[in-house]
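Trainee: Here you go, query36.cif (mmCIF, C-alpha atoms):
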data_final
loop_
_atom_site.label_atom_id
_atom_site.label_comp_id
_atom_site.auth_asym_id
_atom_site.auth_seq_id
_atom_site.Cartn_x
_atom_site.Cartn_y
_atom_site.Cartn_z
CA MET I 1 -154.00 -131.06 -63.24
CA THR I 2 -150.81 -130.10 -65.08
CA ASP I 3 -150.58 -131.23 -68.68
CA ILE I 4 -148.17 -134.02 -69.71
CA LYS I 5 -146.57 -134.08 -73.17
CA ARG I 6 -144.67 -137.08 -74.54
CA MET I 7 -142.21 -137.25 -77.45
CA GLU I 8 -140.92 -140.20 -79.52
CA THR I 9 -143.11 -142.82 -77.89
CA SER I 10 -142.44 -146.50 -78.66
CA ALA I 11 -144.16 -149.62 -77.29
CA ARG I 12 -142.18 -149.33 -74.07
CA MET I 13 -141.36 -145.72 -73.30
CA SER I 14 -141.28 -142.12 -74.44
CA GLN I 15 -137.87 -140.62 -75.13
CA ALA I 16 -139.02 -137.37 -73.50
CA VAL I 17 -141.87 -136.46 -71.14
CA VAL I 18 -142.71 -132.86 -70.23
CA HIS I 19 -144.70 -132.15 -67.05
CA GLY I 20 -145.31 -128.45 -66.52
CA ASP I 21 -141.84 -126.95 -66.76
CA THR I 22 -139.90 -130.15 -66.02
CA VAL I 23 -138.55 -132.47 -68.73
CA TYR I 24 -137.68 -136.13 -68.11
CA LEU I 25 -135.61 -137.93 -70.75
CA SER I 26 -135.24 -141.69 -71.13
CA GLY I 27 -131.76 -143.05 -70.56
CA GLN I 28 -129.86 -142.28 -73.77
CA VAL I 29 -127.43 -144.76 -75.28
CA SER I 30 -125.48 -144.02 -78.43
CA ASN I 31 -127.11 -144.54 -81.79
CA GLN I 32 -123.54 -145.16 -82.97
CA PRO I 33 -122.40 -147.85 -80.52
CA ALA I 34 -119.35 -148.77 -82.59
CA GLY I 35 -117.37 -145.98 -80.94
CA ASP I 36 -115.38 -145.81 -77.74
CA VAL I 37 -116.60 -144.15 -74.52
CA LYS I 38 -115.54 -140.69 -75.68
CA GLY I 39 -117.31 -141.12 -79.02
CA GLN I 40 -120.43 -142.71 -77.53
CA THR I 41 -120.67 -139.92 -74.93
CA ALA I 42 -120.41 -137.25 -77.63
CA ALA I 43 -123.13 -139.01 -79.67
CA ILE I 44 -125.40 -139.28 -76.61
CA LEU I 45 -124.95 -135.61 -75.76
CA THR I 46 -125.96 -134.68 -79.31
CA GLN I 47 -129.06 -136.89 -78.94
CA ILE I 48 -129.86 -135.11 -75.66
CA ASP I 49 -129.53 -131.73 -77.39
CA GLY I 50 -132.06 -132.88 -79.98
CA LEU I 51 -134.57 -134.21 -77.45
CA LEU I 52 -134.31 -131.11 -75.25
CA SER I 53 -134.84 -128.92 -78.29
CA GLN I 54 -138.11 -130.73 -79.04
CA CYS I 55 -139.19 -129.93 -75.46
CA GLY I 56 -138.34 -126.23 -75.62
CA SER I 57 -135.26 -126.76 -73.46
CA ASP I 58 -131.50 -126.91 -74.03
CA LYS I 59 -128.28 -127.96 -72.29
CA THR I 60 -128.11 -124.72 -70.27
CA ARG I 61 -131.32 -125.80 -68.50
CA ILE I 62 -130.36 -129.35 -67.43
CA LEU I 63 -131.08 -129.82 -63.73
CA SER I 64 -129.60 -133.26 -63.10
CA ALA I 65 -127.77 -135.95 -65.04
CA THR I 66 -127.17 -139.56 -64.05
CA ILE I 67 -124.31 -141.18 -65.96
CA TYR I 68 -123.96 -144.96 -66.11
CA LEU I 69 -120.62 -146.31 -67.32
CA ALA I 70 -120.20 -149.97 -68.26
CA ASP I 71 -116.65 -149.62 -66.91
CA VAL I 72 -116.08 -146.84 -64.40
CA SER I 73 -112.38 -146.76 -65.31
CA THR I 74 -113.50 -144.90 -68.45
CA PHE I 75 -114.61 -141.96 -66.27
CA ASP I 76 -111.99 -139.59 -67.73
CA GLN I 77 -112.88 -140.45 -71.34
CA MET I 78 -116.54 -139.71 -70.61
CA ASN I 79 -115.56 -136.42 -68.98
CA GLU I 80 -113.56 -135.32 -72.03
CA SER I 81 -116.71 -135.29 -74.13
CA TRP I 82 -118.84 -134.00 -71.25
CA GLU I 83 -116.59 -130.98 -70.59
CA ALA I 84 -116.31 -130.18 -74.31
CA TRP I 85 -120.10 -130.08 -74.49
CA ALA I 86 -121.29 -128.74 -71.14
CA ALA I 87 -122.28 -125.08 -70.79
CA PRO I 88 -119.94 -123.31 -68.32
CA GLY I 89 -121.99 -121.47 -65.72
CA ALA I 90 -125.00 -123.71 -66.31
CA LEU I 91 -123.83 -127.12 -65.11
CA PRO I 92 -126.34 -129.60 -63.67
CA ALA I 93 -126.17 -131.75 -60.56
CA ARG I 94 -124.54 -135.03 -61.60
CA THR I 95 -124.12 -138.62 -60.40
CA THR I 96 -121.84 -141.18 -62.08
CA ILE I 97 -121.83 -144.92 -61.29
CA GLU I 98 -120.77 -148.13 -63.00
CA ALA I 99 -123.59 -150.30 -64.29
CA LYS I 100 -123.97 -153.11 -66.78
CA LEU I 101 -126.20 -151.76 -69.56
CA ALA I 102 -128.92 -153.39 -71.67
CA SER I 103 -126.52 -154.49 -74.39
CA PRO I 104 -122.74 -155.05 -74.23
CA GLU I 105 -121.99 -152.60 -77.06
CA TYR I 106 -123.31 -149.75 -74.94
CA LEU I 107 -120.47 -148.28 -72.88
CA VAL I 108 -122.32 -145.30 -71.44
CA GLU I 109 -125.92 -144.26 -70.78
CA ILE I 110 -127.10 -140.83 -69.60
CA THR I 111 -130.46 -139.92 -68.01
CA VAL I 112 -131.38 -136.25 -67.73
CA ILE I 113 -133.96 -134.08 -65.98
CA ALA I 114 -134.19 -130.54 -67.37
CA ALA I 115 -136.23 -127.37 -67.10
CA ALA I 116 -138.50 -126.56 -70.05
CA MET T 1 -143.72 -123.34 -49.43
CA THR T 2 -145.42 -126.24 -51.23
CA ASP T 3 -146.94 -128.92 -49.02
CA ILE T 4 -145.34 -132.39 -48.78
CA LYS T 5 -147.44 -135.50 -48.13
CA ARG T 6 -145.96 -138.88 -47.25
CA MET T 7 -147.58 -142.34 -47.44
CA GLU T 8 -146.63 -145.67 -45.79
CA THR T 9 -143.75 -144.31 -43.75
CA SER T 10 -141.44 -146.77 -41.96
CA ALA T 11 -138.33 -146.09 -39.85
CA ARG T 12 -136.27 -145.57 -43.01
CA MET T 13 -138.42 -144.20 -45.80
CA SER T 14 -141.86 -143.36 -47.12
CA GLN T 15 -143.18 -145.53 -49.91
CA ALA T 16 -144.63 -142.42 -51.59
CA VAL T 17 -143.96 -138.68 -51.23
CA VAL T 18 -146.13 -136.05 -52.94
CA HIS T 19 -144.71 -132.55 -53.50
CA GLY T 20 -147.18 -130.25 -55.22
CA ASP T 21 -148.20 -132.21 -58.29
CA THR T 22 -145.17 -134.53 -58.39
CA VAL T 23 -145.12 -138.00 -56.80
CA TYR T 24 -141.90 -139.82 -55.86
CA LEU T 25 -142.14 -143.54 -55.07
CA SER T 26 -139.55 -145.61 -53.23
CA GLY T 27 -137.89 -148.34 -55.26
CA GLN T 28 -140.44 -151.16 -55.36
CA VAL T 29 -139.40 -154.79 -55.05
CA SER T 30 -141.88 -157.64 -55.24
CA ASN T 31 -143.83 -158.59 -52.14
CA GLN T 32 -143.87 -162.06 -53.75
CA PRO T 33 -140.16 -162.62 -54.40
CA ALA T 34 -140.60 -166.35 -55.04
CA GLY T 35 -141.48 -165.63 -58.68
CA ASP T 36 -139.33 -165.17 -61.76
CA VAL T 37 -138.56 -161.79 -63.34
CA LYS T 38 -141.83 -161.71 -65.27
CA GLY T 39 -143.83 -162.51 -62.14
CA GLN T 40 -141.90 -160.14 -59.89
CA THR T 41 -142.29 -157.34 -62.44
CA ALA T 42 -146.05 -157.89 -62.62
CA ALA T 43 -146.28 -157.86 -58.81
CA ILE T 44 -144.23 -154.65 -58.61
CA LEU T 45 -146.38 -152.92 -61.23
CA THR T 46 -149.51 -153.81 -59.21
CA GLN T 47 -147.83 -152.36 -56.10
CA ILE T 48 -147.06 -149.19 -58.08
CA ASP T 49 -150.71 -148.96 -59.17
CA GLY T 50 -151.72 -149.10 -55.52
CA LEU T 51 -149.26 -146.46 -54.34
CA LEU T 52 -150.10 -144.09 -57.21
CA SER T 53 -153.80 -144.50 -56.42
CA GLN T 54 -153.17 -143.37 -52.83
CA CYS T 55 -151.50 -140.26 -54.29
CA GLY T 56 -154.31 -139.37 -56.68
CA SER T 57 -152.24 -140.56 -59.66
CA ASP T 58 -152.24 -143.60 -61.92
CA LYS T 59 -150.07 -145.35 -64.50
CA THR T 60 -151.16 -142.98 -67.30
CA ARG T 61 -149.42 -140.16 -65.38
CA ILE T 62 -145.98 -141.75 -64.79
CA LEU T 63 -143.24 -139.35 -65.89
CA SER T 64 -140.14 -141.51 -65.48
CA ALA T 65 -139.27 -145.04 -64.43
CA THR T 66 -135.88 -146.45 -63.51
CA ILE T 67 -135.70 -150.24 -63.73
CA TYR T 68 -132.95 -152.18 -61.97
CA LEU T 69 -132.49 -155.80 -63.04
CA ALA T 70 -130.35 -158.17 -60.98
CA ASP T 71 -129.44 -159.79 -64.33
CA VAL T 72 -129.84 -157.60 -67.41
CA SER T 73 -130.21 -160.70 -69.59
CA THR T 74 -133.77 -160.88 -68.17
CA PHE T 75 -134.60 -157.62 -69.99
CA ASP T 76 -137.14 -159.30 -72.28
CA GLN T 77 -138.96 -161.06 -69.41
CA MET T 78 -139.31 -157.74 -67.59
CA ASN T 79 -140.60 -156.12 -70.78
CA GLU T 80 -143.30 -158.79 -71.22
CA SER T 81 -144.94 -157.73 -67.96
CA TRP T 82 -144.17 -154.05 -68.58
CA GLU T 83 -145.82 -153.99 -72.02
CA ALA T 84 -148.85 -155.94 -70.77
CA TRP T 85 -149.32 -153.31 -68.05
CA ALA T 86 -148.21 -150.01 -69.59
CA ALA T 87 -150.78 -147.56 -70.93
CA PRO T 88 -150.30 -147.09 -74.69
CA GLY T 89 -150.12 -143.38 -75.51
CA ALA T 90 -149.05 -142.54 -71.96
CA LEU T 91 -145.63 -144.12 -71.66
CA PRO T 92 -143.01 -142.59 -69.34
CA ALA T 93 -139.35 -141.88 -69.91
CA ARG T 94 -137.45 -145.01 -68.86
CA THR T 95 -133.94 -146.15 -67.94
CA THR T 96 -132.96 -149.81 -67.39
CA ILE T 97 -129.66 -150.96 -65.90
CA GLU T 98 -128.29 -154.03 -64.16
CA ALA T 99 -127.72 -153.67 -60.41
CA LYS T 100 -127.29 -156.01 -57.48
CA LEU T 101 -130.30 -155.42 -55.20
CA ALA T 102 -130.68 -155.37 -51.42
CA SER T 103 -131.47 -159.08 -51.19
CA PRO T 104 -130.65 -161.89 -53.65
CA GLU T 105 -134.29 -163.00 -54.00
CA TYR T 106 -135.13 -159.65 -55.58
CA LEU T 107 -134.67 -159.88 -59.35
CA VAL T 108 -136.09 -156.49 -60.29
CA GLU T 109 -136.71 -153.11 -58.62
CA ILE T 110 -138.57 -150.15 -60.13
CA THR T 111 -138.45 -146.50 -59.04
CA VAL T 112 -141.08 -144.12 -60.41
CA ILE T 113 -141.74 -140.38 -60.56
CA ALA T 114 -145.33 -139.50 -61.52
CA ALA T 115 -147.69 -136.55 -61.84
CA ALA T 116 -150.40 -136.27 -59.18
CA MET S 1 -139.65 -119.60 -67.44
CA THR S 2 -138.79 -120.64 -63.88
CA ASP S 3 -135.44 -119.46 -62.57
CA ILE S 4 -132.54 -121.92 -62.05
CA LYS S 5 -129.95 -121.38 -59.30
CA ARG S 6 -126.72 -123.37 -59.07
CA MET S 7 -124.39 -123.80 -56.08
CA GLU S 8 -120.74 -124.94 -55.87
CA THR S 9 -120.21 -125.26 -59.60
CA SER S 10 -117.00 -126.92 -60.86
CA ALA S 11 -115.87 -127.67 -64.42
CA ARG S 12 -118.18 -130.70 -64.56
CA MET S 13 -121.21 -130.15 -62.37
CA SER S 14 -122.97 -128.10 -59.73
CA GLN S 15 -123.30 -129.67 -56.29
CA ALA S 16 -126.82 -128.24 -56.03
CA VAL S 17 -129.34 -126.93 -58.58
CA VAL S 18 -132.61 -125.25 -57.55
CA HIS S 19 -135.48 -125.07 -60.05
CA GLY S 20 -138.53 -123.33 -58.64
CA ASP S 21 -139.16 -125.15 -55.38
CA THR S 22 -137.27 -128.34 -56.27
CA VAL S 23 -133.61 -128.96 -55.33
CA TYR S 24 -131.39 -131.48 -57.13
CA LEU S 25 -128.11 -132.45 -55.47
CA SER S 26 -125.14 -134.13 -57.15
CA GLY S 27 -124.32 -137.62 -55.90
CA GLN S 28 -122.47 -137.07 -52.64
CA VAL S 29 -119.47 -139.16 -51.67
CA SER S 30 -117.64 -138.71 -48.39
CA ASN S 31 -115.05 -135.99 -48.06
CA GLN S 32 -113.50 -138.33 -45.48
CA PRO S 33 -113.22 -141.56 -47.47
CA ALA S 34 -110.90 -143.18 -44.94
CA GLY S 35 -113.89 -144.33 -42.88
CA ASP S 36 -116.11 -147.39 -43.09
CA VAL S 37 -119.62 -147.40 -44.55
CA LYS S 38 -121.19 -146.13 -41.34
CA GLY S 39 -118.69 -143.29 -41.09
CA GLN S 40 -118.83 -142.39 -44.78
CA THR S 41 -122.64 -142.36 -44.66
CA ALA S 42 -122.63 -140.03 -41.64
CA ALA S 43 -120.15 -137.71 -43.40
CA ILE S 44 -122.27 -137.68 -46.57
CA LEU S 45 -125.45 -136.88 -44.64
CA THR S 46 -123.69 -133.92 -43.00
CA GLN S 47 -122.60 -132.74 -46.48
CA ILE S 48 -126.23 -133.06 -47.65
CA ASP S 49 -127.40 -130.98 -44.66
CA GLY S 50 -124.95 -128.26 -45.69
CA LEU S 51 -125.97 -128.23 -49.35
CA LEU S 52 -129.68 -128.24 -48.54
CA SER S 53 -129.16 -125.36 -46.13
CA GLN S 54 -127.58 -123.31 -48.95
CA CYS S 55 -130.73 -123.97 -50.98
CA GLY S 56 -133.20 -122.96 -48.25
CA SER S 57 -134.11 -126.59 -47.61
CA ASP S 58 -133.31 -129.17 -44.93
CA LYS S 59 -133.55 -132.91 -44.28
CA THR S 60 -137.25 -132.70 -43.34
CA ARG S 61 -137.97 -131.67 -46.95
CA ILE S 62 -136.13 -134.43 -48.84
CA LEU S 63 -138.43 -135.98 -51.43
CA SER S 64 -136.33 -138.87 -52.71
CA ALA S 65 -132.93 -140.40 -52.03
CA THR S 66 -131.03 -142.89 -54.17
CA ILE S 67 -128.32 -144.74 -52.24
CA TYR S 68 -125.49 -146.52 -54.06
CA LEU S 69 -123.44 -148.99 -52.01
CA ALA S 70 -120.15 -150.38 -53.33
CA ASP S 71 -121.09 -153.59 -51.47
CA VAL S 72 -124.79 -154.10 -50.78
CA SER S 73 -123.92 -156.37 -47.84
CA THR S 74 -123.13 -153.13 -45.96
CA PHE S 75 -126.83 -152.18 -46.13
CA ASP S 76 -127.27 -152.38 -42.33
CA GLN S 77 -124.20 -150.23 -41.61
CA MET S 78 -125.50 -147.54 -43.96
CA ASN S 79 -128.91 -147.72 -42.29
CA GLU S 80 -127.42 -147.19 -38.83
CA SER S 81 -126.18 -143.75 -39.84
CA TRP S 82 -129.28 -143.08 -41.94
CA GLU S 83 -131.71 -143.81 -39.11
CA ALA S 84 -129.66 -141.80 -36.60
CA TRP S 85 -129.89 -138.82 -38.96
CA ALA S 86 -133.27 -139.07 -40.66
CA ALA S 87 -136.19 -136.95 -39.43
CA PRO S 88 -138.98 -139.21 -38.14
CA GLY S 89 -142.27 -138.23 -39.73
CA ALA S 90 -140.50 -136.62 -42.68
CA LEU S 91 -138.84 -139.56 -44.44
CA PRO S 92 -138.26 -139.47 -48.21
CA ALA S 93 -138.91 -142.09 -50.85
CA ARG S 94 -135.73 -144.17 -51.11
CA THR S 95 -134.02 -146.62 -53.45
CA THR S 96 -130.85 -148.56 -52.55
CA ILE S 97 -128.76 -150.57 -55.02
CA GLU S 98 -125.20 -151.84 -55.29
CA ALA S 99 -122.96 -149.99 -57.73
CA LYS S 100 -119.25 -149.63 -58.31
CA LEU S 101 -118.43 -145.98 -57.65
CA ALA S 102 -116.00 -143.55 -59.29
CA SER S 103 -113.12 -144.45 -56.98
CA PRO S 104 -112.56 -147.60 -54.88
CA GLU S 105 -112.25 -145.68 -51.59
CA TYR S 106 -115.87 -144.55 -51.93
CA LEU S 107 -118.14 -147.10 -50.25
CA VAL S 108 -121.40 -145.18 -50.51
CA GLU S 109 -122.87 -142.38 -52.63
CA ILE S 110 -126.22 -140.64 -52.08
CA THR S 111 -128.23 -138.56 -54.56
CA VAL S 112 -131.10 -136.46 -53.24
CA ILE S 113 -134.06 -134.48 -54.61
CA ALA S 114 -135.62 -132.10 -52.07
CA ALA S 115 -138.20 -129.35 -51.76
CA ALA S 116 -136.87 -125.82 -51.32
#
Write the structure described by the file as structure tokens, please.
Mentor:
Amino acid sequence: MTDIKRMETSARMSQAVVHGDTVYLSGQVSNQPAGDVKGQTAAILTQIDGLLSQCGSDKTRILSATIYLADVSTFDQMNESWEAWAAPGALPARTTIEAKLASPEYLVEITVIAAA
Amino acid sequence: MTDIKRMETSARMSQAVVHGDTVYLSGQVSNQPAGDVKGQTAAILTQIDGLLSQCGSDKTRILSATIYLADVSTFDQMNESWEAWAAPGALPARTTIEAKLASPEYLVEITVIAAA
Amino acid sequence: MTDIKRMETSARMSQAVVHGDTVYLSGQVSNQPAGDVKGQTAAILTQIDGLLSQCGSDKTRILSATIYLADVSTFDQMNESWEAWAAPGALPARTTIEAKLASPEYLVEITVIAAA
């Protein structure tokens, strides 16, 4: 039975769960929701860097990302921050859809699976 | 080549697929869709318990959960049933978004990846 | 540290990422978006066959599929193509929701995890 490690656990979820050499992150919304889509995306990607680091992983080892935009017409703004951050040569599989998020100030949410 | 096991297969999908020590469940909607979000969530979580049990897993070994709410303003009602059911100290990564589901009587759907 | 292989990498994502014996595909939309839901679904499933083949996998080894429909009332049209394509006895876990996609001509998008 492969060991499971959990990071930053609240009453409802863990922000990161490591199973063997696979890392599952909770959907990340910006801790600074005052910003626009570009700013929120940049903040989320920094949060993801921090969580992956705790799990012995990093952005070059992301396997898949699911991106939820409150308004899909902001796709290009999200991509500006994404492309500035992403590691060329180590890009994950990705899916982007529009979805209403848990609170109206959240404009983008990103869920990641990575390799430890 | 790692073995794949499938449970409760219909013409379109299997309700559970086990690959090595990872379990993928189909999105679960309530078999009792007459209820409200709290009731449907509780019914779904019981269905998940049953499927995980067939796969040699249980709720303490869930790695990630994606929760789709037909109306995201019911977030707190979903969480009431979730928190009553979830195993403290063994909480998965989680993402919650609003999404229109396959049939209007379904108010919530939950997709889970777990460790066998 | 398990090796990661990436196929068809652009500036934003890889269409396929292989980690050990697990394959993650990017959300696939139809390369022939002129068609209806049935036609777009068939085109997407052919694209998935091609990507899985590059990864040493095939449709009998799909573990989970997430299907996004721009209009969930087209559920039956999507299923016509799905059932004509799917491998009986080897069906994945599946989740289907409605979601607005990146461009209005896309009526369906499918994201797959498979075994290599």
Trainee: For a quick test of understanding: name the residues of chain I lying within 9 Å of chain T when counting all atoms listed in the file, and present them as an NGL selection string.
Mentor: :I and (1-2 or 4-6 or 9-19 or 23-28 or 68 or 99-103 or 109-111)
Trainee: Any chance you could work out the residue set of the PyMOL selection byres ((chain S and resi 38) around 8) here, as a list in words?
Mentor: Gly35, Asp36, Val37, Gly39, Gln40, Thr41, Ala42, Gln77, Met78, Asn79, Glu80 and Ser81 of chain S
Trainee: What is the distance, in Å and to one decimal place, between atom CA of T:Gln54 and atom CA of I:Asp3?
Mentor: 20.1 Å
Trainee: What does the distance between atom CA of T:Asp49 and atom CA of T:Trp85 come to in Å, to one decimal place?
Mentor: 10.0 Å
Trainee: Quick one, how far is atom CA of S:Ser30 from atom CA of T:Val29?
Mentor: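 So the answer is 27.9 Å.
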Trainee: Output stretch 36-48 of chain I with N, CA, C and O atoms present, as an mmCIF file, keeping the file's coordinate frame.
Mentor:
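Okay, this is what ended up in selection_24.cif:
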data_model
loop_
_atom_site.group_PDB
_atom_site.id
_atom_site.type_symbol
_atom_site.label_atom_id
_atom_site.label_comp_id
_atom_site.auth_asym_id
_atom_site.auth_seq_id
_atom_site.Cartn_x
_atom_site.Cartn_y
_atom_site.Cartn_z
ATOM 1 N N ASP I 36 -115.864 -145.654 -79.102
ATOM 2 C CA ASP I 36 -115.380 -145.810 -77.740
ATOM 3 C C ASP I 36 -116.205 -144.940 -76.790
ATOM 4 O O ASP I 36 -117.193 -144.314 -77.204
ATOM 5 N N VAL I 37 -115.813 -144.884 -75.509
ATOM 6 C CA VAL I 37 -116.600 -144.150 -74.520
ATOM 7 C C VAL I 37 -116.676 -142.662 -74.882
ATOM 8 O O VAL I 37 -117.738 -142.037 -74.790
ATOM 9 N N LYS I 38 -115.547 -142.109 -75.324
ATOM 10 C CA LYS I 38 -115.540 -140.690 -75.680
ATOM 11 C C LYS I 38 -116.509 -140.427 -76.845
ATOM 12 O O LYS I 38 -117.311 -139.484 -76.801
ATOM 13 N N GLY I 39 -116.441 -141.280 -77.852
ATOM 14 C CA GLY I 39 -117.310 -141.120 -79.020
ATOM 15 C C GLY I 39 -118.780 -141.369 -78.677
ATOM 16 O O GLY I 39 -119.668 -140.630 -79.122
ATOM 17 N N GLN I 40 -119.042 -142.429 -77.909
ATOM 18 C CA GLN I 40 -120.430 -142.710 -77.530
ATOM 19 C C GLN I 40 -120.999 -141.564 -76.685
ATOM 20 O O GLN I 40 -122.162 -141.169 -76.862
ATOM 21 N N THR I 41 -120.178 -141.034 -75.767
ATOM 22 C CA THR I 41 -120.670 -139.920 -74.930
ATOM 23 C C THR I 41 -121.022 -138.722 -75.792
ATOM 24 O O THR I 41 -122.088 -138.106 -75.616
ATOM 25 N N ALA I 42 -120.142 -138.400 -76.752
ATOM 26 C CA ALA I 42 -120.410 -137.250 -77.630
ATOM 27 C C ALA I 42 -121.703 -137.465 -78.419
ATOM 28 O O ALA I 42 -122.525 -136.549 -78.564
ATOM 29 N N ALA I 43 -121.902 -138.705 -78.914
ATOM 30 C CA ALA I 43 -123.130 -139.010 -79.670
ATOM 31 C C ALA I 43 -124.364 -138.867 -78.783
ATOM 32 O O ALA I 43 -125.393 -138.313 -79.191
ATOM 33 N N ILE I 44 -124.273 -139.373 -77.550
ATOM 34 C CA ILE I 44 -125.400 -139.280 -76.610
ATOM 35 C C ILE I 44 -125.733 -137.824 -76.317
ATOM 36 O O ILE I 44 -126.905 -137.425 -76.280
ATOM 37 N N LEU I 45 -124.708 -137.009 -76.113
ATOM 38 C CA LEU I 45 -124.950 -135.610 -75.760
ATOM 39 C C LEU I 45 -125.623 -134.867 -76.918
ATOM 40 O O LEU I 45 -126.482 -134.002 -76.699
ATOM 41 N N THR I 46 -125.275 -135.248 -78.155
ATOM 42 C CA THR I 46 -125.960 -134.680 -79.310
ATOM 43 C C THR I 46 -127.427 -135.129 -79.341
ATOM 44 O O THR I 46 -128.328 -134.331 -79.652
ATOM 45 N N GLN I 47 -127.670 -136.403 -79.011
ATOM 46 C CA GLN I 47 -129.060 -136.890 -78.940
ATOM 47 C C GLN I 47 -129.845 -136.116 -77.870
ATOM 48 O O GLN I 47 -131.016 -135.777 -78.072
ATOM 49 N N ILE I 48 -129.196 -135.861 -76.736
ATOM 50 C CA ILE I 48 -129.860 -135.110 -75.660
ATOM 51 C C ILE I 48 -130.188 -133.695 -76.131
ATOM 52 O O ILE I 48 -131.292 -133.191 -75.894
#
